[in-house]
Every structure is written in C-alpha cells, then in structure tokens.
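Pasting upload10.txt here (compact mmCIF, C-alpha atoms and all ligand atoms):
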# COMPACT_ATOMS: atom_id res chain seq x y z
CA MET A 236 -94.41 99.62 -146.71
CA ASN A 237 -90.82 100.90 -146.46
CA GLN A 238 -89.72 104.52 -146.26
CA LYS A 239 -89.12 104.79 -150.04
CA HIS A 240 -92.65 103.62 -150.73
CA LEU A 241 -94.08 106.05 -148.21
CA LEU A 242 -92.22 108.96 -149.87
CA PHE A 243 -93.52 107.90 -153.27
CA VAL A 244 -97.14 107.65 -152.07
CA GLY A 245 -96.77 111.05 -150.40
CA ALA A 246 -95.52 112.63 -153.62
CA VAL A 247 -98.40 111.13 -155.62
CA LEU A 248 -100.96 112.41 -153.09
CA ALA A 249 -99.42 115.89 -153.03
CA THR A 250 -99.62 116.08 -156.83
CA ALA A 251 -103.21 114.83 -156.88
CA VAL A 252 -104.27 117.47 -154.35
CA SER A 253 -102.42 120.43 -155.90
CA ALA A 254 -103.16 119.69 -159.59
CA PRO A 255 -106.82 120.83 -159.56
CA LEU A 256 -105.78 124.02 -157.72
CA PHE A 257 -103.23 124.72 -160.42
CA LEU A 258 -105.68 123.97 -163.24
CA ALA A 259 -108.39 126.13 -161.69
CA SER A 260 -106.06 129.13 -161.69
CA ALA A 261 -104.90 128.57 -165.29
CA GLN A 262 -106.94 131.24 -167.08
CA PRO A 263 -106.08 131.90 -170.75
CA LEU A 264 -103.61 134.77 -171.00
CA PRO A 265 -103.93 137.65 -173.47
CA VAL A 266 -102.19 136.65 -176.67
CA HIS A 267 -99.62 138.94 -178.28
CA GLY A 268 -98.59 138.39 -181.87
CA GLY A 269 -100.56 136.52 -184.51
CA ASN A 270 -100.74 133.13 -186.16
CA GLU A 271 -98.07 133.26 -188.85
CA LYS A 272 -100.14 130.91 -191.01
CA ILE A 273 -102.59 133.82 -191.25
CA GLU A 274 -100.04 136.64 -191.16
CA GLN A 275 -98.10 135.41 -194.22
CA PRO A 276 -101.14 135.10 -196.56
CA MET A 277 -102.45 138.43 -195.18
CA GLU A 278 -99.16 140.08 -196.20
CA ASP A 279 -99.62 138.56 -199.69
CA LEU A 280 -103.21 139.84 -199.77
CA ASN A 281 -102.01 143.31 -198.85
CA GLY A 282 -99.24 143.42 -201.49
CA SER A 283 -101.47 142.07 -204.27
CA LEU A 284 -104.28 144.48 -203.35
CA LYS A 285 -101.99 147.48 -203.86
CA ARG A 286 -100.86 146.19 -207.25
CA LEU A 287 -104.45 145.33 -208.18
CA GLU A 288 -105.61 148.88 -207.50
CA LYS A 289 -102.85 150.25 -209.76
CA ALA A 290 -103.73 147.77 -212.55
CA LEU A 291 -107.42 148.67 -212.31
CA ALA A 292 -106.72 152.40 -212.33
CA ALA A 293 -104.82 151.80 -215.59
CA LYS A 294 -107.75 149.60 -216.86
CA ASP A 295 -105.20 146.81 -217.28
CA THR A 296 -107.43 143.77 -216.75
CA ALA A 297 -104.73 141.40 -218.07
CA ALA A 298 -102.37 142.49 -215.27
CA ALA A 299 -105.20 142.44 -212.72
CA LEU A 300 -106.28 138.83 -213.39
CA PRO A 301 -103.27 136.96 -211.94
CA LEU A 302 -103.32 139.32 -208.93
CA ILE A 303 -106.92 138.53 -208.09
CA VAL A 304 -106.19 134.80 -208.36
CA LYS A 305 -103.25 135.25 -205.96
CA MET A 306 -105.54 137.04 -203.52
CA GLN A 307 -108.04 134.19 -203.70
CA SER A 308 -105.28 131.68 -202.82
CA ALA A 309 -104.09 133.84 -199.93
CA CYS A 310 -107.65 134.03 -198.64
CA GLN A 311 -108.06 130.27 -198.93
CA GLU A 312 -104.85 129.70 -196.93
CA ALA A 313 -105.80 132.10 -194.15
CA LYS A 314 -109.44 130.99 -193.97
CA VAL A 315 -108.70 127.50 -192.60
CA GLU A 316 -106.49 128.79 -189.76
CA ALA A 317 -107.45 130.06 -186.31
CA PRO A 318 -106.65 133.69 -185.45
CA ALA A 319 -104.33 133.97 -182.43
CA LYS A 320 -107.01 135.94 -180.56
CA SER A 321 -109.15 132.76 -180.38
CA ALA A 322 -106.70 131.40 -177.77
CA GLU A 323 -107.98 134.05 -175.33
CA ILE A 324 -111.49 132.56 -175.37
CA SER A 325 -111.95 129.70 -172.90
CA ASP A 326 -115.72 129.17 -173.26
CA ALA A 327 -116.19 126.47 -175.95
CA ALA A 328 -119.40 127.92 -177.44
CA LYS A 329 -117.95 131.43 -177.61
CA LYS A 330 -114.75 130.11 -179.18
CA ALA A 331 -116.77 128.25 -181.86
CA GLU A 332 -118.81 131.39 -182.55
CA PHE A 333 -115.59 133.41 -182.96
CA LEU A 334 -113.95 130.84 -185.27
CA ASN A 335 -117.11 130.38 -187.39
CA GLY A 336 -117.53 134.15 -187.68
CA TYR A 337 -113.93 134.53 -188.84
CA ARG A 338 -114.28 131.76 -191.40
CA LYS A 339 -117.58 133.09 -192.78
CA MET A 340 -116.16 136.57 -193.15
CA MET A 341 -113.20 135.17 -195.07
CA ILE A 342 -115.67 133.24 -197.27
CA GLY A 343 -117.44 136.56 -197.96
CA LEU A 344 -114.14 138.09 -199.04
CA GLN A 345 -113.44 135.09 -201.29
CA LYS A 346 -116.86 135.50 -202.94
CA ASP A 347 -116.14 139.16 -203.69
CA LEU A 348 -112.77 138.20 -205.15
CA LEU A 349 -114.48 135.63 -207.40
CA ASP A 350 -117.01 138.24 -208.57
CA ILE A 351 -114.10 140.54 -209.42
CA GLU A 352 -112.39 137.76 -211.39
CA ALA A 353 -115.54 137.24 -213.51
CA LEU A 354 -115.72 141.00 -214.22
CA LEU A 355 -112.06 141.10 -215.22
CA ILE A 356 -112.58 138.25 -217.67
CA ASP A 357 -115.25 140.42 -219.34
CA GLY A 358 -112.87 143.42 -219.33
CA LYS A 359 -114.99 145.38 -216.85
CA ALA A 360 -112.25 147.20 -214.94
CA GLU A 361 -114.48 149.96 -213.57
CA GLU A 362 -117.05 147.60 -212.09
CA ALA A 363 -114.22 145.52 -210.62
CA ALA A 364 -112.67 148.64 -209.05
CA LYS A 365 -116.04 149.48 -207.47
CA ILE A 366 -116.17 146.14 -205.62
CA VAL A 367 -112.56 146.58 -204.52
CA ALA A 368 -113.32 150.03 -203.10
CA GLU A 369 -116.72 149.23 -201.58
CA LYS A 370 -116.23 145.69 -200.31
CA VAL A 371 -112.67 144.35 -200.39
CA LYS A 372 -110.86 147.30 -198.82
CA PRO A 373 -113.43 147.90 -196.04
CA SER A 374 -113.27 144.16 -195.14
CA LYS A 375 -109.74 144.75 -193.86
CA LYS A 376 -110.87 147.12 -191.11
CA SER A 377 -114.01 145.23 -190.14
CA GLY A 378 -112.16 141.87 -190.19
CA HIS A 379 -109.34 143.22 -188.08
CA ASP A 380 -111.62 144.99 -185.62
CA ALA A 381 -113.44 141.72 -184.94
CA TYR A 382 -110.73 139.06 -185.22
CA LYS A 383 -107.22 140.49 -185.01
CA GLY A 384 -105.42 140.79 -181.68
CA GLU A 385 -102.99 143.51 -180.56
C1 LIG B 401 -108.16 142.83 -198.33
C2 LIG B 401 -108.40 142.67 -197.05
C3 LIG B 401 -107.32 142.43 -196.03
C4 LIG B 401 -106.01 142.80 -196.03
C5 LIG B 401 -105.24 143.55 -197.12
C6 LIG B 401 -105.42 142.32 -194.78
C7 LIG B 401 -104.10 142.51 -194.39
C8 LIG B 401 -103.53 142.07 -193.22
C9 LIG B 401 -102.19 142.34 -192.78
C10 LIG B 401 -101.16 143.18 -193.55
C11 LIG B 401 -102.01 141.71 -191.58
C12 LIG B 401 -100.76 141.74 -190.71
C13 LIG B 401 -99.88 140.55 -191.03
C14 LIG B 401 -98.59 140.53 -190.18
O1 LIG B 401 -98.65 140.87 -189.01
O2 LIG B 401 -97.54 140.15 -190.71
C15 LIG B 401 -103.24 141.04 -191.26
C16 LIG B 401 -103.45 140.27 -190.15
C17 LIG B 401 -104.65 139.66 -189.82
N1 LIG B 401 -105.82 139.73 -190.53
FE1 LIG B 401 -106.10 140.66 -192.31
N2 LIG B 401 -106.39 141.66 -194.06
C18 LIG B 401 -107.54 141.70 -194.78
C19 LIG B 401 -108.77 141.17 -194.44
C20 LIG B 401 -109.01 140.45 -193.30
C21 LIG B 401 -110.28 139.89 -192.92
C22 LIG B 401 -111.57 140.02 -193.76
C23 LIG B 401 -110.10 139.24 -191.73
C24 LIG B 401 -111.09 138.48 -190.88
C25 LIG B 401 -112.15 137.85 -191.35
C26 LIG B 401 -108.70 139.38 -191.36
C27 LIG B 401 -108.11 138.87 -190.23
C28 LIG B 401 -106.79 139.02 -189.86
C29 LIG B 401 -106.20 138.45 -188.66
C30 LIG B 401 -106.95 137.61 -187.64
C31 LIG B 401 -104.86 138.84 -188.65
C32 LIG B 401 -103.79 138.52 -187.58
C33 LIG B 401 -103.45 137.04 -187.51
C34 LIG B 401 -103.74 136.46 -186.14
O3 LIG B 401 -104.20 137.19 -185.26
O4 LIG B 401 -103.53 135.24 -185.93
N3 LIG B 401 -108.07 140.13 -192.33
N4 LIG B 401 -104.15 141.27 -192.26
Mind turning the file's structure into structure tokens?
Ligand code: HEM
Amino acid sequence: MNQKHLLFVGAVLATAVSAPLFLASAQPLPVHGGNEKIEQPMEDLNGSLKRLEKALAAKDTAAALPLIVKMQSACQEAKVEAPAKSAEISDAAKKAEFLNGYRKMMIGLQKDLLDIEALLIDGKAEEAAKIVAEKVKPSKKSGHDAYKGE
C-alpha cells in the first residue's frame, strides 16, 4: 500500500469513527416559522371566516355559500400537510400521534363546515352562525394551542 492509499484509508476510518458521534449529538432543533403549505390556506380560512360572519349577520345565505365552500377547500389543503412543529418531535410514535391528532382535528373542522353548508342551502343563517360561533371560531385557538409553533 503506497502513501496515497494509506491517507485514503485513514480518512475513511476517521469518518467512520466520527459519524456516529455526530449523529448522536444531532437532536432536533426548535422550529421557527411554519409550513407555508399550511400557512397559505390558513390565511384563506381566516379571510373567508371574517366575510362569512358578516354575511351571516346580514342573513345573506347566498353570499355565505361560496365562502363556506372556500373554507372547506382551504381546510382540505392544510389537512394533508405536516405542521412545522412536528419537526421538533424525534420519537416516531409521538410524531405519529401529533400528526394524526392534527389531521383528525382538521377533519372535525371540515365536518362542521359541511354542516354549515347544508344549513345555508336551507336558508338557516341563524343556526349556521351558531356553529360558527360555538365550534369553528374556538377551533382556531384550540388547534393553534396544540399544533402551531412559535
Ligand atoms: C377557523 C379556524 C382557523 C383559522 C381562522 C386559522 C387561522 C390561521 C392563521 C391566520 C395562521 C397563520 C398563517 C401565517 O402565519 O401566515 C394559522 C396557522 C396555523 N394553523 Fe390555523 N386556523 C384555524 C384553525 C386551525 C386548526 C383547527 C388547526 C389544527 C388542527 C390549525 C393549525 C395551524 C397551524 C399548525 C398553523 C401554522 C403552520 C405550521 O406550523 O406549519 N389551525 N392559522
């Protein structure tokens, strides 16, 4: 073995020895900022919710209908993505629990939005407004407390 070969073997051995040390110290870091594939539909959800509340206060179910459909689409988009906070969880079972919890909560929101759509079709603005106030709006805080990062 010539000197070049010896240097090469030495470099390979050094890498092999130090790699596990490096990997062992690589803990997930706190994540700042969110997944924009969730943030964008969430912004849409927020904007449509404000307009929906105004339409319902005016008993304008015709104006409310396309807004609720928009909110359903936004929910659908965000539901299939992973919140940025999930990157902080290294344990596989805990990560799955977090992601499943997020997805199921988004499904719950979608169900409420579908119930509201059915009420709007029947012209029941007051009943629709009740679900918005009692379920849809509070889901923002509970969803963010559990799944949104800093
Ligand atoms: C009508 C109800 C909701 C509204 C109006 C809403 C609104 C928003 C807004 C305005 C943002 C910030 C977007 C940005 O930074 O540009 C956001 C982010 C976020 N929301 Fe919601 N939200 C709602 C419900 C929920 C629910 C139920 C969950 C969880 C199941 C959730 C999870 C999140 C997450 C995880 C982020 C940050 C994205 C990330 O960390 O990757 N939201 N939301």
Legend entry - Nearby residues, ligand LIG 401 (chain B), 7 Å, all atoms listed in the file, as a PyMOL selection string: chain A and resi 268-271+273-275+277-278+280-281+284+317-320+337-338+340-341+344+371-372+374-375+377-379+382-384
Inset, instruction - Please check which residues have atoms at most 10 Å from (-103.3, 146.9, -213.3) in the file's coordinates, counting all atoms listed in the file, and write them as an MDAnalysis selection string. - result: chainID A and resid 285:300 302 360
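Of the listed residues (A:Ala322, A:Lys339, A:Val367, A:His267), A:Val367 comes nearest to Glu352 of chain A; the distances count all atoms listed in the file.
Each of A:Ala327, A:Glu385, A:Ser283, A:Asp347 was compared to Lys365 of chain A using only C-alpha atoms, and A:Asp347 turns out to be the nearest.
Using all atoms listed in the file, the protein and nucleic acid residues lying at most 10 Å from the point (-109.4, 132.5, -210.0) are Leu300, Pro301, Leu302, Ile303, Val304, Lys305, Met306, Gln307, Ser308, Gln345, Leu348, Leu349, Asp350, Ile351, Glu352 and Ala353 of chain A.
Reported to one decimal place, the separation of atom CA of Lys330 of chain A from atom CA of Gln311 of chain A is 20.9 Å.
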I'd like the box whose edges run along x, y and z of the file and which contains every listed atom of segment 286-305 of chain A, padded by 3 Å per side; could you state its centre and edge lengths in Å, one decimal, as AutoDock Vina command-line options?
--center_x -104.3 --center_y 143.6 --center_z -212.0 --size_x 12.9 --size_y 23.6 --size_z 18.1
Legend entry - Computed interatomic separation between atom CA of Asp279 of chain A and atom CA of Ala309 of chain A (Å): 6.5 Å
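From atom CA of Lys314 of chain A back to atom CA of Leu334 of chain A, the distance works out to 9.8 Å.
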